[in-house]
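Source file upload-v6.txt; content: compact mmCIF, C-alpha atoms.
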# COMPACT_ATOMS: atom_id res chain seq x y z
CA MET A 705 -2.72 -10.25 -50.97
CA ASN A 706 -5.00 -8.20 -48.73
CA THR A 707 -7.99 -10.47 -48.18
CA ASN A 708 -10.07 -7.55 -46.89
CA LYS A 709 -9.62 -5.50 -50.05
CA LYS A 710 -12.83 -4.46 -51.82
CA LYS A 711 -13.76 -6.80 -54.68
CA ILE A 712 -15.64 -5.70 -57.77
CA LEU A 713 -16.91 -8.03 -60.50
CA LEU A 714 -16.94 -6.34 -63.92
CA ALA A 715 -19.05 -7.41 -66.90
CA PHE A 716 -16.15 -7.35 -69.35
CA SER A 717 -16.20 -7.45 -73.15
CA GLY A 718 -12.63 -6.39 -73.89
CA GLY A 719 -13.80 -3.33 -75.81
CA LEU A 720 -12.54 0.15 -75.12
CA ASP A 721 -15.06 1.02 -72.41
CA THR A 722 -14.63 -2.04 -70.20
CA SER A 723 -10.87 -2.06 -70.86
CA ALA A 724 -10.60 1.43 -69.39
CA ILE A 725 -12.91 0.53 -66.52
CA ILE A 726 -10.53 -2.05 -64.99
CA PRO A 727 -7.68 0.37 -64.18
CA TRP A 728 -10.19 3.14 -63.39
CA LEU A 729 -11.86 0.98 -60.74
CA LYS A 730 -8.48 0.14 -59.25
CA ASP A 731 -7.53 3.83 -59.16
CA ASN A 732 -10.78 5.12 -57.72
CA TYR A 733 -11.88 2.30 -55.43
CA ASP A 734 -8.54 0.74 -54.49
CA ALA A 735 -10.26 -2.50 -55.40
CA GLU A 736 -9.50 -5.94 -56.71
CA VAL A 737 -11.28 -6.30 -60.06
CA ILE A 738 -12.51 -9.63 -61.41
CA ALA A 739 -13.49 -9.64 -65.08
CA TYR A 740 -16.39 -11.75 -66.38
CA CYS A 741 -17.13 -12.56 -70.02
CA ALA A 742 -19.64 -14.92 -71.63
CA ASP A 743 -20.12 -16.36 -75.11
CA LEU A 744 -23.76 -16.08 -76.21
CA GLY A 745 -22.83 -16.67 -79.81
CA ASN A 746 -20.63 -13.65 -80.36
CA ALA A 747 -17.54 -15.91 -80.32
CA PRO A 748 -15.21 -13.99 -77.99
CA ASP A 749 -11.68 -15.33 -77.69
CA GLY A 750 -11.50 -16.41 -74.06
CA ILE A 751 -7.74 -17.01 -74.06
CA TYR A 752 -6.96 -13.60 -75.52
CA LEU A 753 -9.46 -11.82 -73.25
CA LYS A 754 -7.94 -13.43 -70.16
CA GLU A 755 -4.50 -12.17 -71.16
CA TRP A 756 -5.89 -8.72 -71.96
CA ALA A 757 -7.85 -8.45 -68.70
CA THR A 758 -4.77 -9.47 -66.73
CA LYS A 759 -2.67 -6.86 -68.54
CA LEU A 760 -5.27 -4.24 -67.64
CA GLY A 761 -4.98 -5.19 -63.98
CA ALA A 762 -7.73 -7.74 -63.34
CA SER A 763 -6.94 -10.18 -60.53
CA ASP A 764 -9.03 -12.94 -62.08
CA PHE A 765 -10.98 -13.71 -65.22
CA VAL A 766 -14.11 -15.86 -65.65
CA PHE A 767 -15.28 -17.09 -69.05
CA GLU A 768 -18.42 -19.12 -69.80
CA ASP A 769 -19.93 -20.64 -72.91
CA LEU A 770 -23.65 -19.92 -72.50
CA LYS A 771 -24.88 -20.57 -76.05
CA GLU A 772 -27.05 -23.58 -75.16
CA LYS A 773 -28.54 -21.92 -72.09
CA PHE A 774 -29.19 -18.72 -74.00
CA ALA A 775 -30.96 -20.49 -76.86
CA ALA A 776 -33.02 -22.85 -74.69
CA ASN A 777 -34.02 -20.71 -71.73
CA PHE A 778 -34.05 -17.21 -73.16
CA ALA A 779 -34.42 -17.02 -76.96
CA PHE A 780 -36.78 -19.99 -77.30
CA THR A 781 -38.99 -18.99 -74.36
CA ALA A 782 -39.34 -15.52 -75.90
CA VAL A 783 -40.42 -17.15 -79.17
CA ARG A 784 -42.91 -19.34 -77.29
CA ALA A 785 -44.43 -16.23 -75.75
CA GLY A 786 -44.61 -14.47 -79.11
CA ALA A 787 -42.55 -11.64 -77.64
CA ILE A 788 -42.25 -8.88 -80.27
CA TYR A 789 -41.56 -5.27 -79.26
CA GLN A 790 -43.28 -2.39 -81.08
CA ASP A 791 -44.68 -4.57 -83.88
CA ASP A 792 -41.40 -5.92 -85.31
CA TYR A 793 -38.39 -6.17 -82.97
CA LEU A 794 -37.65 -9.76 -81.94
CA LEU A 795 -35.57 -8.61 -78.93
CA GLY A 796 -32.24 -10.13 -79.91
CA THR A 797 -30.10 -7.82 -77.80
CA ALA A 798 -32.63 -7.39 -75.01
CA ILE A 799 -33.03 -11.13 -74.41
CA GLY A 800 -29.27 -11.67 -73.99
CA ARG A 801 -28.64 -9.11 -71.26
CA PRO A 802 -30.54 -10.80 -68.41
CA LEU A 803 -28.54 -14.01 -68.82
CA ILE A 804 -25.28 -12.08 -68.53
CA ALA A 805 -26.67 -10.20 -65.53
CA GLU A 806 -27.71 -13.47 -63.90
CA ARG A 807 -24.27 -15.03 -64.23
CA VAL A 808 -22.50 -11.85 -63.09
CA ALA A 809 -24.67 -11.83 -59.95
CA TYR A 810 -23.84 -15.50 -59.33
CA PHE A 811 -20.08 -15.02 -59.55
CA ALA A 812 -20.14 -11.75 -57.61
CA LYS A 813 -21.68 -13.62 -54.70
CA LYS A 814 -19.43 -16.64 -55.19
CA PHE A 815 -16.27 -14.52 -54.98
CA GLY A 816 -17.54 -12.43 -52.09
CA CYS A 817 -17.66 -9.19 -54.07
CA SER A 818 -19.23 -6.08 -52.59
CA ALA A 819 -19.94 -4.45 -55.94
CA ILE A 820 -20.75 -5.11 -59.60
CA ALA A 821 -19.64 -2.84 -62.46
CA HIS A 822 -20.69 -2.49 -66.08
CA GLY A 823 -19.78 -0.40 -69.12
CA ALA A 824 -23.24 0.56 -70.39
CA THR A 825 -23.88 4.26 -70.99
CA GLY A 826 -26.65 6.41 -69.59
CA LYS A 827 -28.42 6.78 -72.94
CA GLY A 828 -29.16 3.16 -73.72
CA ASN A 829 -31.39 0.33 -72.56
CA ASP A 830 -28.62 -1.97 -71.35
CA GLN A 831 -27.94 0.05 -68.21
CA LEU A 832 -31.50 -0.71 -67.08
CA ARG A 833 -31.44 -4.34 -68.17
CA PHE A 834 -28.34 -4.95 -66.09
CA GLU A 835 -29.17 -2.80 -63.09
CA LYS A 836 -32.80 -3.91 -62.71
CA SER A 837 -31.73 -7.55 -62.78
CA TRP A 838 -29.02 -6.94 -60.19
CA ALA A 839 -31.44 -4.96 -58.02
CA TYR A 840 -33.66 -8.05 -57.91
CA LEU A 841 -31.00 -10.78 -57.84
CA ALA A 842 -28.38 -9.12 -55.64
CA PRO A 843 -29.98 -6.21 -53.75
CA GLU A 844 -27.16 -6.31 -51.21
CA LEU A 845 -24.48 -5.42 -53.78
CA GLU A 846 -23.44 -1.96 -54.95
CA VAL A 847 -23.67 -1.28 -58.69
CA ILE A 848 -20.98 0.91 -60.25
CA ALA A 849 -21.65 2.46 -63.67
CA PRO A 850 -18.48 4.43 -64.57
CA TRP A 851 -20.02 6.18 -67.58
CA LYS A 852 -22.40 7.93 -65.18
CA ILE A 853 -19.75 9.20 -62.80
CA TRP A 854 -16.34 9.57 -64.45
CA ASP A 855 -15.12 12.71 -66.25
CA PHE A 856 -14.29 11.05 -69.56
CA THR A 857 -16.48 12.21 -72.45
CA GLY A 858 -15.61 9.87 -75.31
CA ARG A 859 -13.32 7.33 -76.94
CA LYS A 860 -10.41 9.75 -77.25
CA ASP A 861 -10.40 10.36 -73.49
CA LEU A 862 -10.42 6.64 -72.74
CA ILE A 863 -7.55 5.91 -75.12
CA GLU A 864 -5.50 8.71 -73.58
CA TYR A 865 -6.27 7.41 -70.08
CA LEU A 866 -5.09 3.91 -71.00
CA SER A 867 -1.92 5.37 -72.48
CA THR A 868 -1.09 6.86 -69.05
CA LYS A 869 -1.05 3.27 -67.84
CA ASN A 870 1.31 2.28 -70.65
CA ILE A 871 -1.50 0.38 -72.33
CA LYS A 872 -2.00 0.88 -76.05
CA PHE A 873 -5.51 0.37 -77.37
CA GLU A 874 -5.89 -0.05 -81.11
CA ASN A 875 -8.61 2.40 -82.08
CA THR A 876 -10.42 1.36 -85.24
CA GLU A 877 -13.05 3.79 -86.46
CA LYS A 878 -16.31 1.99 -87.28
CA LEU A 879 -19.09 3.01 -89.63
CA PHE A 880 -21.57 1.76 -87.00
CA SER A 881 -21.60 -0.36 -83.85
CA VAL A 882 -22.36 -4.07 -84.01
CA ASP A 883 -23.76 -6.37 -81.32
CA VAL A 884 -23.99 -10.11 -81.98
CA ASN A 885 -25.37 -13.16 -80.20
CA LEU A 886 -26.79 -16.46 -81.37
CA PHE A 887 -30.27 -14.98 -81.88
CA HIS A 888 -29.43 -11.88 -83.89
CA ARG A 889 -26.96 -9.34 -85.23
CA SER A 890 -27.64 -5.67 -84.47
CA CYS A 891 -26.21 -2.56 -86.16
CA GLU A 892 -26.68 0.92 -84.71
CA GLY A 893 -25.15 4.38 -84.67
CA GLY A 894 -22.66 6.00 -87.03
CA LEU A 895 -23.90 6.33 -90.59
CA LEU A 896 -27.19 4.66 -89.60
CA GLU A 897 -28.24 7.51 -87.29
CA ASP A 898 -29.47 9.64 -90.20
CA VAL A 899 -32.88 8.09 -90.94
CA THR A 900 -33.38 10.29 -94.03
CA LYS A 901 -30.57 8.69 -96.01
CA GLU A 902 -30.48 5.39 -97.83
CA TYR A 903 -27.68 2.96 -97.01
CA GLU A 904 -26.10 0.19 -99.01
CA PRO A 905 -27.45 -3.15 -97.64
CA ALA A 906 -24.27 -5.03 -98.53
CA GLN A 907 -22.36 -2.56 -96.36
CA VAL A 908 -24.47 -3.41 -93.31
CA TYR A 909 -25.93 -6.88 -93.50
CA SER A 910 -23.79 -9.93 -92.84
CA TRP A 911 -26.18 -12.76 -91.92
CA VAL A 912 -29.00 -12.12 -94.38
CA ALA A 913 -28.21 -12.35 -98.08
CA THR A 914 -28.86 -9.21 -100.10
CA ALA A 915 -31.10 -9.33 -103.18
CA ASP A 916 -28.22 -10.04 -105.56
CA LYS A 917 -26.96 -12.98 -103.50
CA VAL A 918 -30.17 -14.61 -102.26
CA LEU A 919 -30.75 -18.26 -103.13
CA LYS A 920 -32.65 -18.69 -106.38
CA ASP A 921 -34.13 -22.10 -105.53
CA ALA A 922 -36.87 -22.65 -102.97
CA VAL A 923 -35.95 -24.32 -99.67
CA THR A 924 -38.35 -26.34 -97.50
CA VAL A 925 -37.88 -26.31 -93.73
CA ASN A 926 -39.85 -28.47 -91.31
CA ILE A 927 -39.71 -27.36 -87.66
CA GLU A 928 -41.01 -29.59 -84.88
CA PHE A 929 -42.09 -28.13 -81.55
CA GLN A 930 -42.67 -29.82 -78.20
CA ASN A 931 -44.59 -27.80 -75.63
CA GLY A 932 -43.92 -24.63 -77.59
CA LEU A 933 -40.16 -25.10 -77.90
CA PRO A 934 -38.38 -26.12 -81.14
CA VAL A 935 -36.64 -29.50 -81.01
CA SER A 936 -35.88 -30.55 -84.58
CA VAL A 937 -35.37 -29.32 -88.13
CA ASN A 938 -36.25 -31.55 -91.10
CA GLY A 939 -36.51 -34.54 -88.78
CA ASN A 940 -33.10 -34.06 -87.15
CA ASN A 941 -33.11 -33.54 -83.39
CA LEU A 942 -30.64 -30.80 -82.51
CA SER A 943 -29.47 -29.03 -79.38
CA PRO A 944 -31.02 -25.56 -78.99
CA ALA A 945 -27.82 -23.75 -80.02
CA ASN A 946 -27.23 -25.99 -83.02
CA LEU A 947 -30.87 -25.74 -84.10
CA LEU A 948 -30.77 -21.94 -83.99
CA THR A 949 -27.43 -21.86 -85.79
CA LEU A 950 -28.78 -24.04 -88.58
CA LEU A 951 -31.91 -21.93 -89.03
CA ASN A 952 -29.79 -18.77 -89.09
CA GLU A 953 -27.76 -20.20 -91.94
CA VAL A 954 -30.73 -21.51 -93.94
CA ALA A 955 -32.97 -18.46 -93.53
CA GLY A 956 -30.09 -16.03 -93.97
CA ALA A 957 -29.07 -17.60 -97.27
CA ALA A 958 -32.69 -17.29 -98.41
CA GLY A 959 -32.69 -13.57 -97.66
CA ILE A 960 -35.05 -13.76 -94.67
CA GLY A 961 -34.81 -11.95 -91.35
CA ALA A 962 -33.53 -8.39 -91.97
CA LEU A 963 -35.28 -5.48 -90.24
CA ASP A 964 -34.77 -1.71 -90.33
CA LEU A 965 -36.59 -0.23 -87.34
CA VAL A 966 -36.99 3.05 -85.49
CA GLU A 967 -37.90 2.10 -81.94
CA GLU A 968 -38.42 3.93 -78.69
CA ARG A 969 -35.99 3.13 -75.92
CA THR A 970 -37.15 2.73 -72.35
CA ILE A 971 -35.87 6.20 -71.46
CA GLY A 972 -37.87 7.79 -74.29
CA LEU A 973 -35.16 8.30 -76.93
CA LYS A 974 -35.97 7.14 -80.44
CA SER A 975 -33.20 5.07 -82.02
CA ARG A 976 -32.70 3.33 -85.34
CA GLY A 977 -31.54 -0.27 -85.44
CA LEU A 978 -30.85 -2.69 -88.26
CA TYR A 979 -31.44 -6.22 -87.05
CA GLU A 980 -30.72 -9.58 -88.62
CA THR A 981 -32.71 -12.38 -87.01
CA PRO A 982 -33.07 -15.05 -89.71
CA GLY A 983 -33.58 -18.14 -87.54
CA GLY A 984 -35.71 -16.26 -85.05
CA THR A 985 -37.95 -14.99 -87.85
CA LEU A 986 -38.67 -18.57 -88.95
CA LEU A 987 -39.29 -19.73 -85.38
CA HIS A 988 -41.72 -16.90 -84.66
CA LEU A 989 -43.64 -17.58 -87.87
CA ALA A 990 -43.81 -21.32 -87.24
CA CYS A 991 -44.75 -21.02 -83.57
CA LYS A 992 -47.47 -18.47 -84.33
CA ASN A 993 -49.03 -20.78 -86.90
CA LEU A 994 -48.91 -23.73 -84.52
CA LYS A 995 -50.81 -21.62 -81.97
CA HIS A 996 -53.46 -20.83 -84.59
CA LEU A 997 -53.78 -24.55 -85.30
CA ASN A 998 -53.92 -25.80 -81.69
CA TRP A 999 -55.31 -23.01 -79.48
CA ASP A 1000 -58.88 -21.78 -79.26
CA ARG A 1001 -59.69 -18.10 -79.69
CA GLN A 1002 -59.80 -17.33 -75.97
CA LEU A 1003 -56.38 -18.81 -75.26
CA LEU A 1004 -54.90 -17.31 -78.42
CA GLY A 1005 -56.24 -13.85 -77.60
CA THR A 1006 -55.05 -13.97 -74.01
CA ALA A 1007 -51.61 -15.18 -75.08
CA ARG A 1008 -51.33 -12.45 -77.72
CA LYS A 1009 -52.02 -9.73 -75.15
CA LEU A 1010 -49.65 -11.24 -72.62
CA GLY A 1011 -47.02 -11.71 -75.34
CA GLU A 1012 -46.97 -7.97 -75.96
CA ILE A 1013 -46.58 -7.29 -72.24
CA TYR A 1014 -43.91 -10.00 -72.06
CA ALA A 1015 -41.98 -8.26 -74.86
CA GLU A 1016 -42.11 -4.90 -73.10
CA THR A 1017 -41.06 -6.59 -69.88
CA ILE A 1018 -37.94 -7.98 -71.58
CA TYR A 1019 -37.18 -4.74 -73.40
CA ASP A 1020 -37.48 -2.66 -70.23
CA GLY A 1021 -35.20 -4.95 -68.23
CA HIS A 1022 -37.69 -6.81 -66.05
CA TRP A 1023 -36.73 -10.38 -66.99
CA HIS A 1024 -35.90 -11.04 -63.34
CA SER A 1025 -39.19 -9.93 -61.84
CA PRO A 1026 -42.35 -11.44 -60.35
CA THR A 1027 -44.26 -10.20 -63.41
CA ARG A 1028 -42.15 -12.08 -65.96
CA LEU A 1029 -42.05 -15.20 -63.80
CA ALA A 1030 -45.86 -15.19 -63.50
CA MET A 1031 -46.26 -14.79 -67.27
CA GLU A 1032 -43.76 -17.62 -67.82
CA ALA A 1033 -46.00 -19.87 -65.73
CA PHE A 1034 -48.92 -18.98 -68.01
CA PHE A 1035 -47.02 -19.77 -71.21
CA THR A 1036 -45.63 -23.01 -69.76
CA LYS A 1037 -49.16 -24.20 -68.97
CA ALA A 1038 -50.67 -22.92 -72.23
CA SER A 1039 -47.96 -24.64 -74.27
CA GLU A 1040 -48.78 -28.12 -73.01
CA SER A 1041 -50.83 -28.41 -76.22
CA LEU A 1042 -48.30 -26.61 -78.41
CA THR A 1043 -46.70 -29.69 -79.93
CA GLY A 1044 -46.57 -30.32 -83.65
CA GLU A 1045 -44.82 -29.60 -86.94
CA ILE A 1046 -44.86 -26.58 -89.21
CA THR A 1047 -43.33 -26.72 -92.67
CA LEU A 1048 -42.16 -23.53 -94.34
CA LYS A 1049 -41.13 -22.77 -97.90
CA LEU A 1050 -38.41 -20.14 -98.25
CA GLU A 1051 -38.51 -18.47 -101.65
CA ASN A 1052 -37.77 -15.02 -103.10
CA GLY A 1053 -36.77 -13.65 -99.71
CA GLN A 1054 -40.08 -14.70 -98.15
CA ALA A 1055 -41.19 -17.53 -95.87
CA LYS A 1056 -44.66 -19.04 -96.09
CA VAL A 1057 -46.37 -21.93 -94.34
CA ILE A 1058 -47.16 -24.90 -96.58
CA SER A 1059 -48.02 -27.58 -94.01
CA ARG A 1060 -49.33 -27.80 -90.43
CA LYS A 1061 -49.53 -31.01 -88.43
CA SER A 1062 -50.34 -31.75 -84.78
CA THR A 1063 -52.18 -34.33 -82.70
CA TYR A 1064 -53.46 -31.34 -80.68
CA ALA A 1065 -54.92 -29.56 -83.72
CA LEU A 1066 -58.39 -28.09 -83.26
CA TYR A 1067 -58.75 -27.84 -87.02
CA ASP A 1068 -61.18 -30.49 -88.29
CA GLU A 1069 -61.41 -30.90 -92.04
CA ALA A 1070 -64.69 -32.77 -91.79
CA GLY A 1071 -66.15 -30.17 -89.49
CA VAL A 1072 -65.36 -27.20 -91.74
CA SER A 1073 -66.21 -28.95 -95.02
CA PHE A 1074 -69.26 -27.81 -97.02
CA GLU A 1075 -69.76 -31.42 -98.10
CA ILE A 1076 -70.06 -33.00 -94.64
CA ASP A 1077 -72.21 -31.90 -91.69
CA GLN A 1078 -71.28 -34.51 -89.08
CA TYR A 1079 -72.07 -32.21 -86.17
CA GLN A 1080 -75.33 -31.08 -87.82
CA MET A 1081 -74.07 -27.52 -87.69
CA HIS A 1082 -76.64 -26.34 -90.25
CA LYS A 1083 -79.50 -27.65 -88.12
CA HIS A 1084 -78.24 -26.15 -84.85
CA ALA A 1085 -77.16 -22.87 -86.46
CA HIS A 1086 -80.77 -21.78 -87.05
CA GLY A 1087 -81.54 -21.35 -83.37
CA TYR A 1088 -78.06 -20.05 -82.57
CA SER A 1089 -78.12 -17.31 -85.19
CA LYS A 1090 -81.62 -16.35 -84.10
CA VAL A 1091 -80.47 -15.85 -80.50
CA VAL A 1092 -77.29 -13.91 -81.27
CA SER A 1093 -79.18 -11.69 -83.74
CA TYR A 1094 -81.63 -10.58 -81.03
CA GLY A 1095 -79.61 -7.47 -80.10
CA PRO A 1096 -79.35 -6.11 -83.68
CA TRP A 1097 -83.01 -6.99 -84.29
CA LYS A 1098 -84.16 -5.08 -81.22
CA SER A 1099 -82.02 -2.06 -82.16
CA GLY A 1100 -83.40 -2.16 -85.71
CA GLN A 1101 -86.98 -2.15 -84.43
CA ARG A 1102 -86.29 0.82 -82.18
CA ASP A 1103 -84.58 2.90 -84.89
CA LEU A 1104 -87.30 2.08 -87.42
CA LYS A 1105 -89.96 3.30 -84.97
CA ASN A 1106 -88.06 6.56 -84.28
CA GLY A 1107 -86.96 7.38 -87.82
CA LEU A 1108 -83.30 6.67 -87.13
CA GLN A 1109 -82.90 3.61 -89.30
CA TYR A 1110 -79.80 3.34 -91.48
CA LYS A 1111 -80.45 4.86 -94.94
CA LEU A 1112 -80.03 2.40 -97.77
CA GLU A 1113 -78.82 4.17 -100.91
CA GLU A 1114 -80.19 3.57 -104.42
Taking this structure as input, can you express it in the form of structure tokens?
Amino acid sequence: MNTNKKKILLAFSGGLDTSAIIPWLKDNYDAEVIAYCADLGNAPDGIYLKEWATKLGASDFVFEDLKEKFAANFAFTAVRAGAIYQDDYLLGTAIGRPLIAERVAYFAKKFGCSAIAHGATGKGNDQLRFEKSWAYLAPELEVIAPWKIWDFTGRKDLIEYLSTKNIKFENTEKLFSVDVNLFHRSCEGGLLEDVTKEYEPAQVYSWVATADKVLKDAVTVNIEFQNGLPVSVNGNNLSPANLLTLLNEVAGAAGIGALDLVEERTIGLKSRGLYETPGGTLLHLACKNLKHLNWDRQLLGTARKLGEIYAETIYDGHWHSPTRLAMEAFFTKASESLTGEITLKLENGQAKVISRKSTYALYDEAGVSFEIDQYQMHKHAHGYSKVVSYGPWKSGQRDLKNGLQYKLEE
């Protein structure tokens, strides 16, 4: 083997695009290609993919199970930050890409590669999520994006190209594309591109039960958080991946967590996505309510504003950036008091909070009660309300004097 030959590490899924990329890189760069694949909950078959990558011409294959790391350090930290993009999207796809990018950068350096390649197209967000991370993590490495430079125009071209290499790719026409990880299931394209037409939910949804199959009986779920991160369900301590898996099953069976959204991609294109995030929906609801219980208005307001920025940062591909790291420091510090339990009732396709409990709670039943005035709030409120009413009082005097006072109708 020529030890000086160019090495390229490819983010490899085994689909048509990345399958064609392996021989294409060898043809056009005279390079040794190493294929990398990770399991974030999409359950790829590592043994089969290794055989397939080798058949395509890869010199080596790397496979990692990243489910625990993905749940703990990516999905759960996004929940802690309250990261929701454009009102509703819980960032299931977006939050998985930086972890893949991080591991690709690691192995590219480990194997002495001079370049990294990926199969994302020029119309989507993933190209930016990968390339921005690699620009920050591995600025010394070249990034090769075949879809932006080769002459192929679609699936038919790629299948024909592989056939010239005596490689047969089974082409199965799909009604829409599907992307899955432990946090969500995403459906886009195909029949879903026409936003004026109704679709059959049973034809699309897989994780979240449709109306005819949803559980008829109510289910109670208690989620315990420590420092803003979920650690147990109904009193059972679980690993992050197992906890998220359990919540996906419970919430999905109850018909919770489906979303039909038209969103704006980073490059400006509007796209329609159908997302199933059952466990994530419960975690966001529970974490939000724990914040309301434990945080004062200033901290809550600051966190809400930063959470929106945090979401856009993830969506736009800036997970590996000084901005995201600085915001993470804020949420880590803020969440020192975000420990407690939230109990939810899942019923009729809806989740509602029925119990809140925390030693850090700022809620004081005695303080808010009409029957008890331990702090003598009534007594102190007289002077307080007089002071804070000074501005309106002064404005009222002025407008009364100048005939501008608000007209009270009969």
Minimum-distance residue to His1022 in chain A, chosen among A:Tyr903, A:Tyr1088, A:Trp854, A:Phe834 (using all atoms listed in the file):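 For His1022 in chain A, the nearest of the candidates is A:Phe834.
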Excluding same-chain residues fewer than 6 positions from range 791-801 of chain A, what lies within 9 Å of it counting only C-alpha atoms, as JSON, numbers by chain? {"A": [744, 774, 778, 779, 782, 783, 829, 830, 833, 834, 883, 884, 885, 886, 887, 888, 889, 890, 963, 965, 967, 979, 980, 981, 984, 985, 988, 1012, 1015, 1018, 1019, 1020, 1021, 1023]}
Counting all atoms listed in the file, which residues of range 911-985 of chain A sit at most 12 Å from some atom of range 866-880 of chain A, and what is each one's closest atom pair with its distance in Å to one decimal, listed by chain and rising residue number, as JSON lines?
{"residue": "A:Arg976", "atom": "CA", "partner": "A:Phe880", "partner_atom": "CA", "distance": 11.4}
{"residue": "A:Gly977", "atom": "CA", "partner": "A:Phe880", "partner_atom": "CA", "distance": 10.3}
{"residue": "A:Leu978", "atom": "CA", "partner": "A:Phe880", "partner_atom": "CA", "distance": 10.4}
Atomic distance CA of Phe767 in chain A - CA of Asn952 in chain A, expressed in Å with one decimal: 24.8 Å
Counting only C-alpha atoms, which residue out of A:Lys710, A:Gly786, A:Val737, A:Leu896 sits closest to Arg1008 in chain A?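 Closest to Arg1008 in chain A, using only C-alpha atoms: A:Gly786.
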Please, what distance in Å, to one decimal, runs between CA of Arg859 in chain A and CA of Asn732 in chain A?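 Rounded to one decimal, the two atoms are 19.5 Å apart.
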Only N, CA and C atoms, please: range 1049-1064 of chain A from the block, as a PDB file, in the first residue's frame.
ATOM      1  N   LYS A1049     -49.816  13.932  33.193  1.00  0.00           N
ATOM      2  CA  LYS A1049     -50.870  12.979  32.840  1.00  0.00           C
ATOM      3  C   LYS A1049     -51.051  13.029  31.331  1.00  0.00           C
ATOM      4  N   LEU A1050     -50.959  11.850  30.699  1.00  0.00           N
ATOM      5  CA  LEU A1050     -51.121  11.742  29.257  1.00  0.00           C
ATOM      6  C   LEU A1050     -52.511  11.174  28.984  1.00  0.00           C
ATOM      7  N   GLU A1051     -53.330  11.967  28.292  1.00  0.00           N
ATOM      8  CA  GLU A1051     -54.714  11.554  28.094  1.00  0.00           C
ATOM      9  C   GLU A1051     -55.287  12.248  26.862  1.00  0.00           C
ATOM     10  N   ASN A1052     -55.985  11.481  26.028  1.00  0.00           N
ATOM     11  CA  ASN A1052     -56.634  12.027  24.832  1.00  0.00           C
ATOM     12  C   ASN A1052     -55.650  12.752  23.912  1.00  0.00           C
ATOM     13  N   GLY A1053     -54.447  12.205  23.790  1.00  0.00           N
ATOM     14  CA  GLY A1053     -53.457  12.803  22.907  1.00  0.00           C
ATOM     15  C   GLY A1053     -52.838  14.082  23.436  1.00  0.00           C
ATOM     16  N   GLN A1054     -53.055  14.381  24.699  1.00  0.00           N
ATOM     17  CA  GLN A1054     -52.518  15.601  25.308  1.00  0.00           C
ATOM     18  C   GLN A1054     -51.733  15.257  26.572  1.00  0.00           C
ATOM     19  N   ALA A1055     -50.776  16.110  26.913  1.00  0.00           N
ATOM     20  CA  ALA A1055     -50.020  15.956  28.157  1.00  0.00           C
ATOM     21  C   ALA A1055     -50.229  17.201  29.003  1.00  0.00           C
ATOM     22  N   LYS A1056     -50.529  17.015  30.267  1.00  0.00           N
ATOM     23  CA  LYS A1056     -50.706  18.158  31.161  1.00  0.00           C
ATOM     24  C   LYS A1056     -49.992  17.888  32.483  1.00  0.00           C
ATOM     25  N   VAL A1057     -49.550  18.955  33.113  1.00  0.00           N
ATOM     26  CA  VAL A1057     -48.841  18.844  34.387  1.00  0.00           C
ATOM     27  C   VAL A1057     -49.852  18.695  35.513  1.00  0.00           C
ATOM     28  N   ILE A1058     -49.651  17.703  36.373  1.00  0.00           N
ATOM     29  CA  ILE A1058     -50.549  17.527  37.515  1.00  0.00           C
ATOM     30  C   ILE A1058     -49.821  17.665  38.853  1.00  0.00           C
ATOM     31  N   SER A1059     -48.478  17.685  38.835  1.00  0.00           N
ATOM     32  CA  SER A1059     -47.745  17.828  40.090  1.00  0.00           C
ATOM     33  C   SER A1059     -46.364  18.402  39.819  1.00  0.00           C
ATOM     34  N   ARG A1060     -45.916  19.297  40.719  1.00  0.00           N
ATOM     35  CA  ARG A1060     -44.595  19.904  40.653  1.00  0.00           C
ATOM     36  C   ARG A1060     -43.973  19.815  42.046  1.00  0.00           C
ATOM     37  N   LYS A1061     -42.710  19.405  42.102  1.00  0.00           N
ATOM     38  CA  LYS A1061     -42.078  19.241  43.413  1.00  0.00           C
ATOM     39  C   LYS A1061     -40.588  19.521  43.310  1.00  0.00           C
ATOM     40  N   SER A1062     -40.070  20.398  44.177  1.00  0.00           N
ATOM     41  CA  SER A1062     -38.638  20.682  44.192  1.00  0.00           C
ATOM     42  C   SER A1062     -38.240  21.378  45.486  1.00  0.00           C
ATOM     43  N   THR A1063     -37.075  21.013  46.000  1.00  0.00           N
ATOM     44  CA  THR A1063     -36.550  21.709  47.174  1.00  0.00           C
ATOM     45  C   THR A1063     -36.068  23.117  46.809  1.00  0.00           C
ATOM     46  N   TYR A1064     -35.954  23.407  45.512  1.00  0.00           N
ATOM     47  CA  TYR A1064     -35.528  24.722  45.043  1.00  0.00           C
ATOM     48  C   TYR A1064     -36.717  25.592  44.627  1.00  0.00           C
TER      49      TYR A1064
END
